[in-house]
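J.: Contents of data.txt (compact mmCIF, C-alpha atoms) are given next:
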# COMPACT_ATOMS: atom_id res chain seq x y z
CA MET A 1 25.19 -8.32 -11.07
CA SER A 2 24.06 -10.36 -8.07
CA ARG A 3 26.19 -10.51 -4.96
CA PRO A 4 27.37 -13.93 -3.77
CA ARG A 5 25.32 -15.34 -0.93
CA PRO A 6 27.16 -15.47 2.39
CA ARG A 7 28.15 -18.95 3.49
CA PRO A 8 26.21 -20.23 6.51
CA ARG A 9 27.99 -19.79 9.87
CA ARG A 10 29.61 -22.81 11.43
CA PRO A 11 29.04 -23.14 15.19
CA SER A 12 32.09 -22.51 17.37
CA GLY A 13 31.01 -25.42 19.59
CA PRO A 14 28.43 -28.20 19.38
CA THR A 15 25.29 -27.47 17.39
CA ARG A 16 22.59 -26.15 19.67
CA LEU A 17 18.87 -25.80 18.96
CA VAL A 18 16.48 -24.02 21.32
CA ALA A 19 12.68 -23.94 21.34
CA PHE A 20 11.29 -20.64 22.65
CA ASN A 21 7.67 -19.67 23.25
CA LYS A 22 7.63 -16.13 21.85
CA PRO A 23 5.08 -13.94 23.60
CA MET A 24 2.80 -11.47 21.85
CA ASP A 25 4.39 -8.08 21.03
CA VAL A 26 7.98 -9.38 21.04
CA LEU A 27 10.13 -9.08 17.90
CA SER A 28 11.87 -12.12 16.39
CA GLN A 29 15.29 -10.47 16.79
CA PHE A 30 17.43 -9.88 19.84
CA THR A 31 17.34 -6.08 19.78
CA GLY A 32 14.17 -4.07 20.26
CA ASP A 33 13.18 -1.32 17.85
CA GLY A 34 12.46 1.38 20.43
CA HIS A 35 8.78 0.47 20.53
CA TRP A 36 8.65 -3.31 20.84
CA PRO A 37 11.10 -5.44 22.85
CA GLY A 38 13.36 -8.00 21.21
CA LEU A 39 14.25 -11.53 22.29
CA SER A 40 16.91 -10.20 24.69
CA ALA A 41 14.05 -9.26 27.05
CA HIS A 42 13.65 -13.02 27.61
CA LEU A 43 16.85 -14.70 26.41
CA ASP A 44 20.56 -14.21 27.09
CA MET A 45 22.05 -16.42 24.37
CA PRO A 46 25.10 -14.99 22.60
CA GLY A 47 25.83 -16.75 19.33
CA MET A 48 22.25 -17.95 18.85
CA TYR A 49 20.09 -16.74 15.97
CA PRO A 50 16.39 -17.20 15.11
CA ALA A 51 15.73 -19.89 12.51
CA GLY A 52 12.76 -18.23 10.86
CA ARG A 53 10.56 -15.62 12.39
CA LEU A 54 7.20 -14.93 13.94
CA ASP A 55 5.52 -11.58 13.46
CA ARG A 56 5.34 -9.26 16.45
CA ASP A 57 1.61 -9.89 16.76
CA SER A 58 1.97 -13.69 16.56
CA GLU A 59 2.84 -16.03 19.42
CA GLY A 60 4.34 -19.44 19.91
CA LEU A 61 7.24 -21.58 18.79
CA LEU A 62 10.38 -19.84 17.59
CA LEU A 63 13.54 -21.90 17.03
CA LEU A 64 17.03 -20.53 17.61
CA THR A 65 20.35 -22.12 16.69
CA ASN A 66 24.08 -21.40 16.59
CA ASP A 67 24.49 -23.40 13.36
CA GLY A 68 24.04 -21.47 10.10
CA LYS A 69 23.53 -24.62 8.02
CA LEU A 70 20.77 -25.82 10.33
CA GLN A 71 19.22 -22.34 10.32
CA ALA A 72 19.21 -22.34 6.50
CA ARG A 73 17.69 -25.82 6.35
CA ILE A 74 14.87 -24.91 8.74
CA THR A 75 13.99 -21.74 6.85
CA SER A 76 14.45 -22.91 3.25
CA PRO A 77 11.17 -23.42 1.35
CA ARG A 78 12.88 -26.36 -0.40
CA SER A 79 13.06 -28.27 2.90
CA ARG A 80 9.23 -28.23 3.15
CA THR A 81 9.47 -28.32 6.95
CA PRO A 82 5.88 -28.53 8.24
CA LYS A 83 4.79 -25.73 10.56
CA THR A 84 1.49 -26.03 12.44
CA TYR A 85 -0.49 -23.04 13.66
CA PHE A 86 -3.67 -22.49 15.62
CA ALA A 87 -5.58 -19.47 14.32
CA MET A 88 -8.54 -17.78 15.91
CA VAL A 89 -10.49 -16.30 13.02
CA GLU A 90 -13.38 -13.88 12.73
CA GLY A 91 -16.38 -15.65 11.26
CA VAL A 92 -17.28 -19.29 10.86
CA PRO A 93 -15.51 -21.17 8.06
CA ASP A 94 -17.64 -22.97 5.51
CA ASP A 95 -16.57 -25.95 3.41
CA ALA A 96 -15.64 -23.72 0.46
CA ALA A 97 -13.21 -21.65 2.57
CA LEU A 98 -11.57 -24.76 4.03
CA GLU A 99 -11.28 -26.42 0.62
CA ALA A 100 -9.70 -23.29 -0.85
CA LEU A 101 -7.03 -23.30 1.87
CA ARG A 102 -6.44 -27.02 1.31
CA ALA A 103 -5.99 -26.47 -2.43
CA GLY A 104 -3.77 -23.39 -2.16
CA VAL A 105 -4.79 -19.77 -2.62
CA GLU A 106 -3.40 -17.12 -4.98
CA LEU A 107 -1.68 -14.34 -3.03
CA LYS A 108 0.15 -11.31 -4.45
CA ASP A 109 3.44 -13.21 -4.26
CA GLY A 110 2.10 -16.39 -5.84
CA LEU A 111 0.07 -19.50 -5.21
CA THR A 112 0.48 -21.08 -1.78
CA ARG A 113 1.16 -24.77 -1.45
CA PRO A 114 -1.80 -26.83 -0.28
CA ALA A 115 -2.30 -26.66 3.49
CA LEU A 116 -3.70 -29.16 5.95
CA VAL A 117 -6.64 -27.35 7.56
CA GLU A 118 -9.40 -28.30 9.98
CA GLN A 119 -11.76 -26.43 12.25
CA VAL A 120 -11.05 -27.29 15.91
CA VAL A 121 -12.10 -26.23 19.39
CA GLU A 122 -9.93 -23.72 21.24
CA PRO A 123 -6.85 -25.66 22.44
CA ALA A 124 -7.00 -26.60 26.13
CA TRP A 125 -3.28 -25.82 26.55
CA LEU A 126 -3.63 -22.24 25.32
CA TRP A 127 -2.70 -19.41 27.71
CA PRO A 128 -4.65 -16.11 27.98
CA ARG A 129 -3.34 -13.55 25.52
CA ASP A 130 -1.89 -10.27 26.76
CA PRO A 131 -3.44 -8.01 25.57
CA PRO A 132 -6.67 -9.99 25.17
CA VAL A 133 -8.34 -10.41 21.79
CA ARG A 134 -11.08 -7.82 21.27
CA PHE A 135 -14.42 -9.55 21.85
CA ARG A 136 -17.44 -8.66 19.69
CA LYS A 137 -20.78 -10.19 20.66
CA SER A 138 -22.25 -9.73 17.19
CA VAL A 139 -19.40 -11.47 15.31
CA PRO A 140 -18.77 -15.19 15.82
CA ASP A 141 -15.25 -16.59 15.82
CA ALA A 142 -13.72 -20.01 15.28
CA TRP A 143 -10.40 -21.84 15.61
CA LEU A 144 -8.48 -23.44 12.77
CA ARG A 145 -5.50 -25.77 12.88
CA LEU A 146 -3.33 -25.20 9.79
CA THR A 147 -0.13 -26.90 8.66
CA ILE A 148 1.91 -25.26 5.91
CA THR A 149 5.26 -26.22 4.34
CA GLU A 150 6.50 -22.79 3.30
CA GLY A 151 6.91 -19.43 5.01
CA LYS A 152 5.78 -16.47 2.94
CA ASN A 153 5.52 -13.20 4.86
CA ARG A 154 2.43 -13.26 7.11
CA GLN A 155 1.27 -16.25 5.09
CA VAL A 156 -1.34 -17.77 7.41
CA ARG A 157 -2.93 -14.38 8.05
CA ARG A 158 -3.06 -13.59 4.32
CA MET A 159 -4.40 -17.03 3.41
CA CYS A 160 -7.21 -16.77 5.93
CA ALA A 161 -8.06 -13.19 4.94
CA HIS A 162 -8.19 -14.31 1.29
CA VAL A 163 -11.06 -16.69 2.12
CA GLY A 164 -12.90 -14.13 4.28
CA LEU A 165 -11.62 -15.24 7.70
CA PRO A 166 -9.49 -12.47 9.26
CA VAL A 167 -7.11 -13.80 11.92
CA LEU A 168 -7.64 -12.46 15.43
CA ARG A 169 -4.96 -14.54 17.14
CA LEU A 170 -2.18 -16.73 15.72
CA VAL A 171 -0.09 -19.25 17.67
CA ARG A 172 2.58 -21.46 16.11
CA TRP A 173 2.42 -24.88 17.76
CA SER A 174 5.14 -26.82 15.97
CA VAL A 175 8.03 -26.80 13.50
CA GLY A 176 8.83 -30.29 12.25
CA ASP A 177 8.57 -32.62 15.28
CA ILE A 178 9.31 -29.85 17.79
CA THR A 179 6.26 -28.53 19.66
CA LEU A 180 5.40 -25.96 22.31
CA GLU A 181 4.30 -28.66 24.71
CA GLY A 182 5.07 -27.64 28.29
CA LEU A 183 6.49 -24.21 27.37
CA ALA A 184 4.87 -21.17 28.96
CA PRO A 185 5.14 -17.82 27.13
CA GLY A 186 8.71 -16.52 27.52
CA ALA A 187 10.10 -19.97 28.44
CA TRP A 188 12.60 -22.04 26.43
CA ARG A 189 14.25 -25.45 26.32
CA ASP A 190 17.07 -27.13 24.44
CA VAL A 191 15.92 -29.67 21.84
CA THR A 192 17.85 -32.23 19.81
CA PRO A 193 18.62 -30.99 16.29
CA ASP A 194 17.69 -34.37 14.76
CA LYS A 195 14.03 -33.55 15.48
CA ILE A 196 14.22 -31.04 12.65
CA MET A 197 16.49 -32.86 10.19
Can the structure from this file be put into structure tokens for me?
T.:
Amino acid sequence: MSRPRPRPRRPSGPTRLVAFNKPMDVLSQFTGDGHWPGLSAHLDMPGMYPAGRLDRDSEGLLLLTNDGKLQARITSPRSRTPKTYFAMVEGVPDDAALEALRAGVELKDGLTRPALVEQVVEPAWLWPRDPPVRFRKSVPDAWLRLTITEGKNRQVRRMCAHVGLPVLRLVRWSVGDITLEGLAPGAWRDVTPDKIM
């Protein structure tokens, strides 16, 4: 017998939405796990919760809100909220790899929705990673810009690995109309919730 799903939290005050640039090696939860720090190393925001997550080894835009309904809408696959990532991959993508990502690839947990994918130059706004990506002279790398409308676990990494392009660095640039623009790693700003509706 399935348990009833908890009802989304209502905010005690006005709905608040925060854009945070999550650094590398920070967990998408407020408490650390004894090895990696949590969001509380950068944010003091009681009553705020991540709307979605970024893996410890991924960087970039993480949204937080005090409104459970908004949190559910942002994270629900049914909402098809577009999320754009920049991925540094090992190898040089060919047309077949890009077309496979655009069509959707079969992962262990099912077929992914089609993605918008293009090969791009390294973004000019990108900060140096700490720790740096391991450089190998004998193996070329490339940058991809990918937009997906779902959020399977480690989806972008698994999609790229499926077509022979292991991800070396992954940065989420945007969720809906909210972007990282002007946010240094560890910095945050309030954004209007209607940018995600």
J.: Return the single residue from A:Arg189, A:Met24, A:Val163, A:Pro140 that is closest to Glu99 of chain A, with distances computed using all atoms listed in the file.
T.: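 With all atoms listed in the file as the atom set, the closest residue is A:Val163.
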J.: Here is a test: counting all atoms listed in the file, which residue of A:Val121, A:Asp141, A:Gln155, A:Thr149 is nearest to Val92 of chain A?
T.: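 So, comparing all the options, the nearest one is A:Asp141.
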J.: Please report, as a tab-separated table, each residue of segment 95-122 of chain A lying at most 10 Å from segment 68-89 of chain A, together with the nearest pair of atoms and the separation in Å rounded to one decimal; use all atoms listed in the file, and order rows by chain and ascending residue number.
T.:
residue	atom	partner	partner_atom	distance
A:Arg113	CA	A:Arg80	CA	9.9
A:Ala115	CA	A:Pro82	CA	9.6
A:Leu116	CA	A:Thr84	CA	8.9
A:Val117	CA	A:Thr84	CA	9.6
A:Glu118	CA	A:Phe86	CA	9.9
A:Gln119	CA	A:Ala87	CA	9.5
A:Val120	CA	A:Phe86	CA	8.8
A:Val121	CA	A:Met88	CA	9.8
A:Glu122	CA	A:Met88	CA	8.1
J.: From the set A:Pro46, A:Gly60, A:Gly38, A:Pro166, which residue has the shortest atom-to-atom contact distance to Asn21 of chain A, counting all atoms listed in the file?
T.: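 The shortest atom-to-atom distance to Asn21 of chain A comes from A:Gly60.
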J.: Please report the interatomic distance between atom CA of Lys195 of chain A and atom CA of Leu17 of chain A in Å with one decimal.
T.: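 Atom-to-atom, atom CA of Lys195 of chain A to atom CA of Leu17 of chain A, that is 9.8 Å.
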J.: With distances taken over all atoms listed in the file, which residue among A:Pro114, A:Asp190, A:Val105, A:Ser138 lies nearest Leu64 of chain A?
T.: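 Looking only at the distances to Leu64 of chain A, the closest residue turns out to be A:Asp190.
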J.: Take atom CA of Leu183 of chain A and atom CA of Cys160 of chain A and report the distance between them in Å, one decimal.
T.: 26.5 Å
J.: Could you tell me how far atom CA of Ala97 of chain A sits from atom CA of Val133 of chain A, in Å to one decimal place?
T.: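 Interatomic distance, atom CA of Val133 of chain A to atom CA of Ala97 of chain A: 22.8 Å.
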J.: For a quick check of understanding, using only C-alpha atoms, which of A:Asn66, A:Arg136, A:Leu146, A:Ile196 has the smallest distance to Leu101 of chain A?
T.: A:Leu146
J.: Choose the residue, out of A:Thr147, A:Met159, A:Ala41, A:Leu61, that has the smallest atom-to-atom separation from Gly182 of chain A; count only C-alpha atoms.
T.: A:Leu61
J.: Write segment 24-37 of chain A as a PDB file, in the coordinates of the input, completed to N, CA, C and O atoms.
T.:
ATOM      1  N   MET A  24       3.370 -12.534  22.678  1.00  0.00           N
ATOM      2  CA  MET A  24       2.800 -11.470  21.850  1.00  0.00           C
ATOM      3  C   MET A  24       3.620 -10.194  22.039  1.00  0.00           C
ATOM      4  O   MET A  24       4.150  -9.940  23.127  1.00  0.00           O
ATOM      5  N   ASP A  25       3.729  -9.395  20.998  1.00  0.00           N
ATOM      6  CA  ASP A  25       4.390  -8.080  21.030  1.00  0.00           C
ATOM      7  C   ASP A  25       5.884  -8.153  21.351  1.00  0.00           C
ATOM      8  O   ASP A  25       6.444  -7.225  21.944  1.00  0.00           O
ATOM      9  N   VAL A  26       6.521  -9.253  20.959  1.00  0.00           N
ATOM     10  CA  VAL A  26       7.980  -9.380  21.040  1.00  0.00           C
ATOM     11  C   VAL A  26       8.490  -9.615  19.625  1.00  0.00           C
ATOM     12  O   VAL A  26       7.906 -10.408  18.879  1.00  0.00           O
ATOM     13  N   LEU A  27       9.565  -8.929  19.243  1.00  0.00           N
ATOM     14  CA  LEU A  27      10.130  -9.080  17.900  1.00  0.00           C
ATOM     15  C   LEU A  27      10.960 -10.349  17.804  1.00  0.00           C
ATOM     16  O   LEU A  27      11.531 -10.806  18.804  1.00  0.00           O
ATOM     17  N   SER A  28      11.069 -10.907  16.609  1.00  0.00           N
ATOM     18  CA  SER A  28      11.870 -12.120  16.390  1.00  0.00           C
ATOM     19  C   SER A  28      13.325 -11.763  16.085  1.00  0.00           C
ATOM     20  O   SER A  28      13.932 -12.268  15.144  1.00  0.00           O
ATOM     21  N   GLN A  29      13.884 -10.875  16.880  1.00  0.00           N
ATOM     22  CA  GLN A  29      15.290 -10.470  16.790  1.00  0.00           C
ATOM     23  C   GLN A  29      15.714 -10.093  18.208  1.00  0.00           C
ATOM     24  O   GLN A  29      14.863  -9.807  19.049  1.00  0.00           O
ATOM     25  N   PHE A  30      17.002 -10.113  18.461  1.00  0.00           N
ATOM     26  CA  PHE A  30      17.430  -9.880  19.840  1.00  0.00           C
ATOM     27  C   PHE A  30      17.286  -8.443  20.285  1.00  0.00           C
ATOM     28  O   PHE A  30      16.994  -8.175  21.442  1.00  0.00           O
ATOM     29  N   THR A  31      17.445  -7.481  19.379  1.00  0.00           N
ATOM     30  CA  THR A  31      17.340  -6.080  19.780  1.00  0.00           C
ATOM     31  C   THR A  31      15.928  -5.569  19.538  1.00  0.00           C
ATOM     32  O   THR A  31      15.282  -5.934  18.548  1.00  0.00           O
ATOM     33  N   GLY A  32      15.460  -4.718  20.450  1.00  0.00           N
ATOM     34  CA  GLY A  32      14.170  -4.070  20.260  1.00  0.00           C
ATOM     35  C   GLY A  32      14.289  -2.972  19.218  1.00  0.00           C
ATOM     36  O   GLY A  32      15.382  -2.654  18.748  1.00  0.00           O
ATOM     37  N   ASP A  33      13.156  -2.379  18.872  1.00  0.00           N
ATOM     38  CA  ASP A  33      13.180  -1.320  17.850  1.00  0.00           C
ATOM     39  C   ASP A  33      12.818   0.034  18.445  1.00  0.00           C
ATOM     40  O   ASP A  33      12.521   0.978  17.728  1.00  0.00           O
ATOM     41  N   GLY A  34      12.834   0.140  19.776  1.00  0.00           N
ATOM     42  CA  GLY A  34      12.460   1.380  20.430  1.00  0.00           C
ATOM     43  C   GLY A  34      10.998   1.420  20.813  1.00  0.00           C
ATOM     44  O   GLY A  34      10.585   2.216  21.655  1.00  0.00           O
ATOM     45  N   HIS A  35      10.219   0.549  20.197  1.00  0.00           N
ATOM     46  CA  HIS A  35       8.780   0.470  20.530  1.00  0.00           C
ATOM     47  C   HIS A  35       8.420  -0.898  21.080  1.00  0.00           C
ATOM     48  O   HIS A  35       7.718  -1.008  22.077  1.00  0.00           O
ATOM     49  N   TRP A  36       8.929  -1.944  20.404  1.00  0.00           N
ATOM     50  CA  TRP A  36       8.650  -3.310  20.840  1.00  0.00           C
ATOM     51  C   TRP A  36       9.952  -3.956  21.312  1.00  0.00           C
ATOM     52  O   TRP A  36      11.012  -3.739  20.719  1.00  0.00           O
ATOM     53  N   PRO A  37       9.886  -4.782  22.371  1.00  0.00           N
ATOM     54  CA  PRO A  37      11.100  -5.440  22.850  1.00  0.00           C
ATOM     55  C   PRO A  37      11.542  -6.564  21.916  1.00  0.00           C
ATOM     56  O   PRO A  37      10.737  -7.132  21.180  1.00  0.00           O
TER      57      PRO A  37
END
